[in-house]
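Colleague: Before I ask anything, let me first share the structure, which is written out below as structure tokens.
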Amino acid sequence: MYALLPLLCAAVVAASPLEQRDTVTSTVNLGNNTGSPQHLASGFIYGIPDTPNQIPDHFYTNIGFNYARAGGAQVPTPGRGWIWGLSEYKVRFASALSNYKTARKYNANFIFLIHDLWGADGTQNSTAPYPGDNGDWTSWDNYLTQFISDMKSNDAITGLSIDIWNEPDLTYFWNAPQAQYIQMWGRTYHRLRKEWPSVKLTGPAFAGQPDPTNNWWTNFLSFVASNSSVPDQYVWHMEGGGGDMEGAYGALFGMLQTYKLPVKPLNIDEYATFPEQVPAGSAWWISQLERVNAHGLRGNWLSGWELHDLMGSLVSKPNADNSNYSPTAGGYYANGDYQVYQYYNLNMTGYRVGTSPSTDLKLDTYATVGKDMVRVLTGVRITTGTWQITINDLSSVGLPSSGSLNIHTWGFPSGGHYAEVDVPNDLGWYSHTYSGNSVMFPVYQTDKSTAYAFEFYVG
Ligand SMILES: *[C@@H]1O[C@H](CO)[C@@H](O)[C@H](O)[C@H]1NC(C)=O
Ligand SMILES: *[C@@H]1O[C@H](CO)[C@@H](O)[C@H](O)[C@H]1NC(C)=O
Ligand SMILES: *[C@@H]1O[C@H](CO)[C@@H](O)[C@H](O)[C@H]1NC(C)=O
Ligand SMILES: *[C@@H]1O[C@H](CO)[C@@H](O)[C@H](O)[C@H]1NC(C)=O
């Protein structure tokens, strides 16, 4: 947010009737090819059953599932992790290893959550130990020795990333001094790097987005610059219901310059609040993440065994929402949100083109130009109202610079996190007249959760 402030002020000062209209417009620039679609947002944290093959393959493959993240959190006692002894560690390790194998089956990357394997998954008690308590690193060093040995003996290195600690800026996951966290980062980074030069070491996985007034960020970045322990991907979370990706990345970019740090890939390995995990919110997040080329993993708001099931609220099954829920039952079906990710992966082919969100940041678009059609996916951030979409440079896809354009609309309804939705709604074709090489049309958002896709043939 910080980096965007000067821009927002300039827009207010320069407000004119035309620019006021811009506040409700998301723009697609068909002439701005931004590269091949890799469906960067098709990941989720946990959500994979510990029983192999429980969710049928097509649910993973049709959304182009490409990033997993787990570490055995919340498995039932006795499985509370290293801090309760080796046998409880082994229960968590088995869960994480199973999830790793499922991810690799689909060639997805796997981010190992070693704070969960340690036992700091949020269910630990208030006197639970943290690495380096009272300056004693023995338990952490022994833990890493055990972890490294188990990963090697299970040949679980390909496609592996390690988030060195999850959300240490929340006492929920790190109830010890910040300086101790930073020492832990430095020790752990160098040990794992020496062991596995090709495994990605990622972080800081803060709950708070980059912000030059946040001393978790400034102290971390300043330390890694001096300690030669720069993460291979900059990771943070976007689950507060505020902020946006250009603002957050702008703030990070400014701090990278301050601390003379290199630009690295981004990974938002928990994104979206639970209410945002509906078609409109997902389309909004996809647009935001794709714009800054960030990998994204859906946050997971379920707990207990459901944390280890339901693909981060993309699929459901009978009794998933009541007390007859069974962790091992089958009968999976897709929900409405799933349909967005399936369309994003299977249908939005060709090349991506640049888009910009409405300046109120409430409507966003992600667009591709395929051999057959232009496809524009759009969603609001859980609100209602009327916005518009402007599509510029129609001649760049072989269309005349004026005339009429038939646009096909799909509606992606929600139905709720647990409801079966098997197809989007075909809302038919409408003809729009246009001139000036640009077409503009309204989006009437009468509910907070439906996403839309607009398609038209290239020339
Ligand atoms: C708190 O958890 C630690 C392990 O993390 C355990 O050793 C200790 O006995 C627990 N304390 C209580 C009061 O349960
Ligand atoms: C990085 O920090 C850790 C923790 O203080 C320290 O053990 C290590 O020697 C440091 N490495 C370098 C290269 O500065
Ligand atoms: C998306 O592509 C698939 C596979 O080609 C096709 O079966 C499906 O009808 C398409 N869906 C939409 C909404 O266009
Ligand atoms: C193309 O789109 C990208 C992503 O939105 C944007 O960063 C870039 O500035 C755009 N380039 C031009 C020439 O508009």
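Chain identifiers are assigned as A, B, and so on, following the order in which chains appear in the structure tokens; residues are numbered from 1 within each chain, and ligands are numbered from 1 in order of appearance.
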Kindly compile the residues surrounding ligand 3 within 9 Å, counting only C-alpha atoms and all ligand atoms, and format them as a compact mmCIF listing (two decimals) with C-alpha atoms, in the first residue's frame.

Modeller:
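Once everything was written out, this is out-v4.txt:
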```txt
# COMPACT_ATOMS: atom_id res chain seq x y z
CA GLN A 339 -14.85 -24.07 -12.06
CA GLN A 342 -10.51 -25.20 -14.31
CA TYR A 343 -11.36 -22.50 -16.85
CA TYR A 344 -8.15 -20.64 -15.94
CA ASN A 345 -6.09 -23.75 -16.61
CA LEU A 346 -7.87 -25.55 -19.46
CA ASN A 347 -9.39 -22.69 -21.43
CA MET A 348 -7.19 -19.63 -20.93
CA TRP A 410 -19.98 -17.24 -18.83
CA VAL A 423 -20.32 -26.26 -15.03
CA PRO A 424 -20.35 -22.49 -15.40
CA ASN A 425 -23.55 -20.88 -16.69
CA ASP A 426 -23.69 -20.02 -20.37
CA ALA A 453 -15.62 -14.72 -18.33
CA GLU A 455 -14.89 -14.38 -24.86
```

Colleague: Within 8 Å of ligand 4, which residues show up when you count only C-alpha atoms and all ligand atoms? List them as a compact mmCIF listing (two decimals) with all heavy atoms, in the first residue's frame, please.

Modeller:
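Contents of the output file selection.txt:
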```
# COMPACT_ATOMS: atom_id res chain seq x y z
N ASN A 29 -5.17 -4.76 -22.30
CA ASN A 29 -4.41 -4.25 -23.44
C ASN A 29 -3.93 -5.41 -24.30
O ASN A 29 -2.93 -6.06 -24.01
CB ASN A 29 -3.23 -3.40 -22.94
CG ASN A 29 -3.74 -2.14 -22.27
OD1 ASN A 29 -4.57 -1.41 -22.81
ND2 ASN A 29 -3.27 -1.90 -21.05
N ASN A 32 -0.31 -6.01 -25.51
CA ASN A 32 0.77 -6.17 -24.52
C ASN A 32 0.90 -7.65 -24.12
O ASN A 32 0.30 -8.10 -23.14
CB ASN A 32 0.48 -5.28 -23.31
CG ASN A 32 1.55 -5.38 -22.23
OD1 ASN A 32 2.59 -6.00 -22.42
ND2 ASN A 32 1.28 -4.76 -21.09
N ASN A 33 1.67 -8.38 -24.91
CA ASN A 33 1.87 -9.82 -24.66
C ASN A 33 2.80 -9.99 -23.45
O ASN A 33 3.94 -9.54 -23.47
CB ASN A 33 2.50 -10.43 -25.93
CG ASN A 33 2.78 -11.92 -25.80
OD1 ASN A 33 2.94 -12.45 -24.71
ND2 ASN A 33 2.83 -12.59 -26.94
N THR A 34 2.30 -10.62 -22.39
CA THR A 34 3.12 -10.78 -21.18
C THR A 34 3.54 -12.24 -20.96
O THR A 34 3.88 -12.63 -19.84
CB THR A 34 2.39 -10.23 -19.93
OG1 THR A 34 1.14 -10.92 -19.77
CG2 THR A 34 2.12 -8.74 -20.05
N ARG A 291 -0.46 -10.53 -12.61
CA ARG A 291 0.09 -9.22 -13.02
C ARG A 291 1.54 -9.05 -12.56
O ARG A 291 2.35 -8.50 -13.29
CB ARG A 291 -0.78 -8.09 -12.45
CG ARG A 291 -0.25 -6.69 -12.80
CD ARG A 291 -1.26 -5.61 -12.45
NE ARG A 291 -2.50 -5.83 -13.19
CZ ARG A 291 -3.67 -6.14 -12.63
NH1 ARG A 291 -3.80 -6.22 -11.31
NH2 ARG A 291 -4.73 -6.35 -13.38
N VAL A 292 1.86 -9.53 -11.37
CA VAL A 292 3.23 -9.36 -10.86
C VAL A 292 4.02 -10.67 -10.95
O VAL A 292 5.09 -10.80 -10.35
CB VAL A 292 3.25 -8.80 -9.42
CG1 VAL A 292 2.59 -7.42 -9.37
CG2 VAL A 292 2.57 -9.74 -8.44
N VAL A 353 -2.05 -11.29 -21.71
CA VAL A 353 -1.88 -9.87 -22.05
C VAL A 353 -2.03 -9.02 -20.79
O VAL A 353 -2.67 -9.44 -19.82
CB VAL A 353 -2.87 -9.41 -23.15
CG1 VAL A 353 -2.53 -10.06 -24.49
CG2 VAL A 353 -4.31 -9.67 -22.76
N GLY A 354 -1.41 -7.85 -20.83
CA GLY A 354 -1.43 -6.96 -19.66
C GLY A 354 -2.82 -6.43 -19.38
O GLY A 354 -3.59 -6.13 -20.30
N THR A 355 -3.13 -6.31 -18.12
CA THR A 355 -4.41 -5.72 -17.71
C THR A 355 -4.13 -4.79 -16.54
O THR A 355 -3.08 -4.87 -15.91
CB THR A 355 -5.41 -6.80 -17.21
OG1 THR A 355 -4.96 -7.34 -15.97
CG2 THR A 355 -5.59 -7.93 -18.23
N SER A 356 -5.10 -3.92 -16.25
CA SER A 356 -4.99 -3.15 -15.00
C SER A 356 -6.31 -3.22 -14.26
O SER A 356 -7.38 -3.31 -14.88
CB SER A 356 -4.57 -1.71 -15.27
OG SER A 356 -5.43 -1.13 -16.20
```

Colleague: Could you tell me, counting only C-alpha atoms and all ligand atoms, which protein and nucleic acid residues lie no more than 6 Å from ligand 1, written as a list in words?

Modeller: Ile83, Trp84, Asn125, Thr127, Ala128 and Pro129 of chain A

Colleague: Could you write out the selected residues, including N, CA and C atoms, as a compact mmCIF listing (two decimals), in the first residue's frame?

Modeller:
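Everything below was put into result13.txt:
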```txt
# COMPACT_ATOMS: atom_id res chain seq x y z
N ILE A 83 8.71 -31.46 19.21
CA ILE A 83 8.77 -30.97 20.60
C ILE A 83 8.10 -31.92 21.58
N TRP A 84 7.42 -32.95 21.06
CA TRP A 84 6.85 -33.98 21.93
C TRP A 84 7.61 -35.29 21.78
N ASN A 125 1.26 -25.41 23.21
CA ASN A 125 0.87 -24.66 24.41
C ASN A 125 1.78 -23.45 24.63
N THR A 127 3.95 -22.67 26.76
CA THR A 127 5.35 -22.85 27.18
C THR A 127 6.13 -23.74 26.20
N ALA A 128 5.56 -23.99 25.05
CA ALA A 128 6.24 -24.83 24.05
C ALA A 128 7.59 -24.20 23.67
N PRO A 129 8.60 -25.02 23.43
CA PRO A 129 9.92 -24.48 23.09
C PRO A 129 10.02 -24.02 21.62
```

Colleague: Residues contacting ligand 2 - anything with an atom at most 6 Å away, using only C-alpha atoms and all ligand atoms - can you give me those as a VMD selection string?

Modeller: chain A and resid 183 186 to 187 227 to 228

Colleague: Write the selection just made, keeping N, CA and C atoms, as an mmCIF file, in the first residue's frame?

Modeller:
```cif
data_model
loop_
_atom_site.group_PDB
_atom_site.id
_atom_site.type_symbol
_atom_site.label_atom_id
_atom_site.label_comp_id
_atom_site.auth_asym_id
_atom_site.auth_seq_id
_atom_site.Cartn_x
_atom_site.Cartn_y
_atom_site.Cartn_z
ATOM 1 N N GLN A 183 18.219 -15.118 14.054
ATOM 2 C CA GLN A 183 19.351 -16.042 14.226
ATOM 3 C C GLN A 183 19.000 -17.427 13.678
ATOM 4 N N GLY A 186 19.318 -17.449 9.907
ATOM 5 C CA GLY A 186 20.711 -17.494 9.434
ATOM 6 C C GLY A 186 21.339 -18.871 9.599
ATOM 7 N N ARG A 187 21.127 -19.472 10.758
ATOM 8 C CA ARG A 187 21.693 -20.816 11.001
ATOM 9 C C ARG A 187 21.098 -21.838 10.045
ATOM 10 N N ASN A 227 24.114 -11.421 5.893
ATOM 11 C CA ASN A 227 24.365 -12.818 6.251
ATOM 12 C C ASN A 227 24.447 -13.737 5.020
ATOM 13 N N SER A 228 24.347 -13.162 3.808
ATOM 14 C CA SER A 228 24.344 -13.971 2.578
ATOM 15 C C SER A 228 23.325 -15.107 2.671
#
```

Colleague: Considering only C-alpha atoms, can you say which of A:Ala280, A:Val224, A:Met440, A:Leu307 comes closest to Thr384 in chain A?

Modeller: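 The shortest atom-to-atom distance to Thr384 in chain A comes from A:Ala280.
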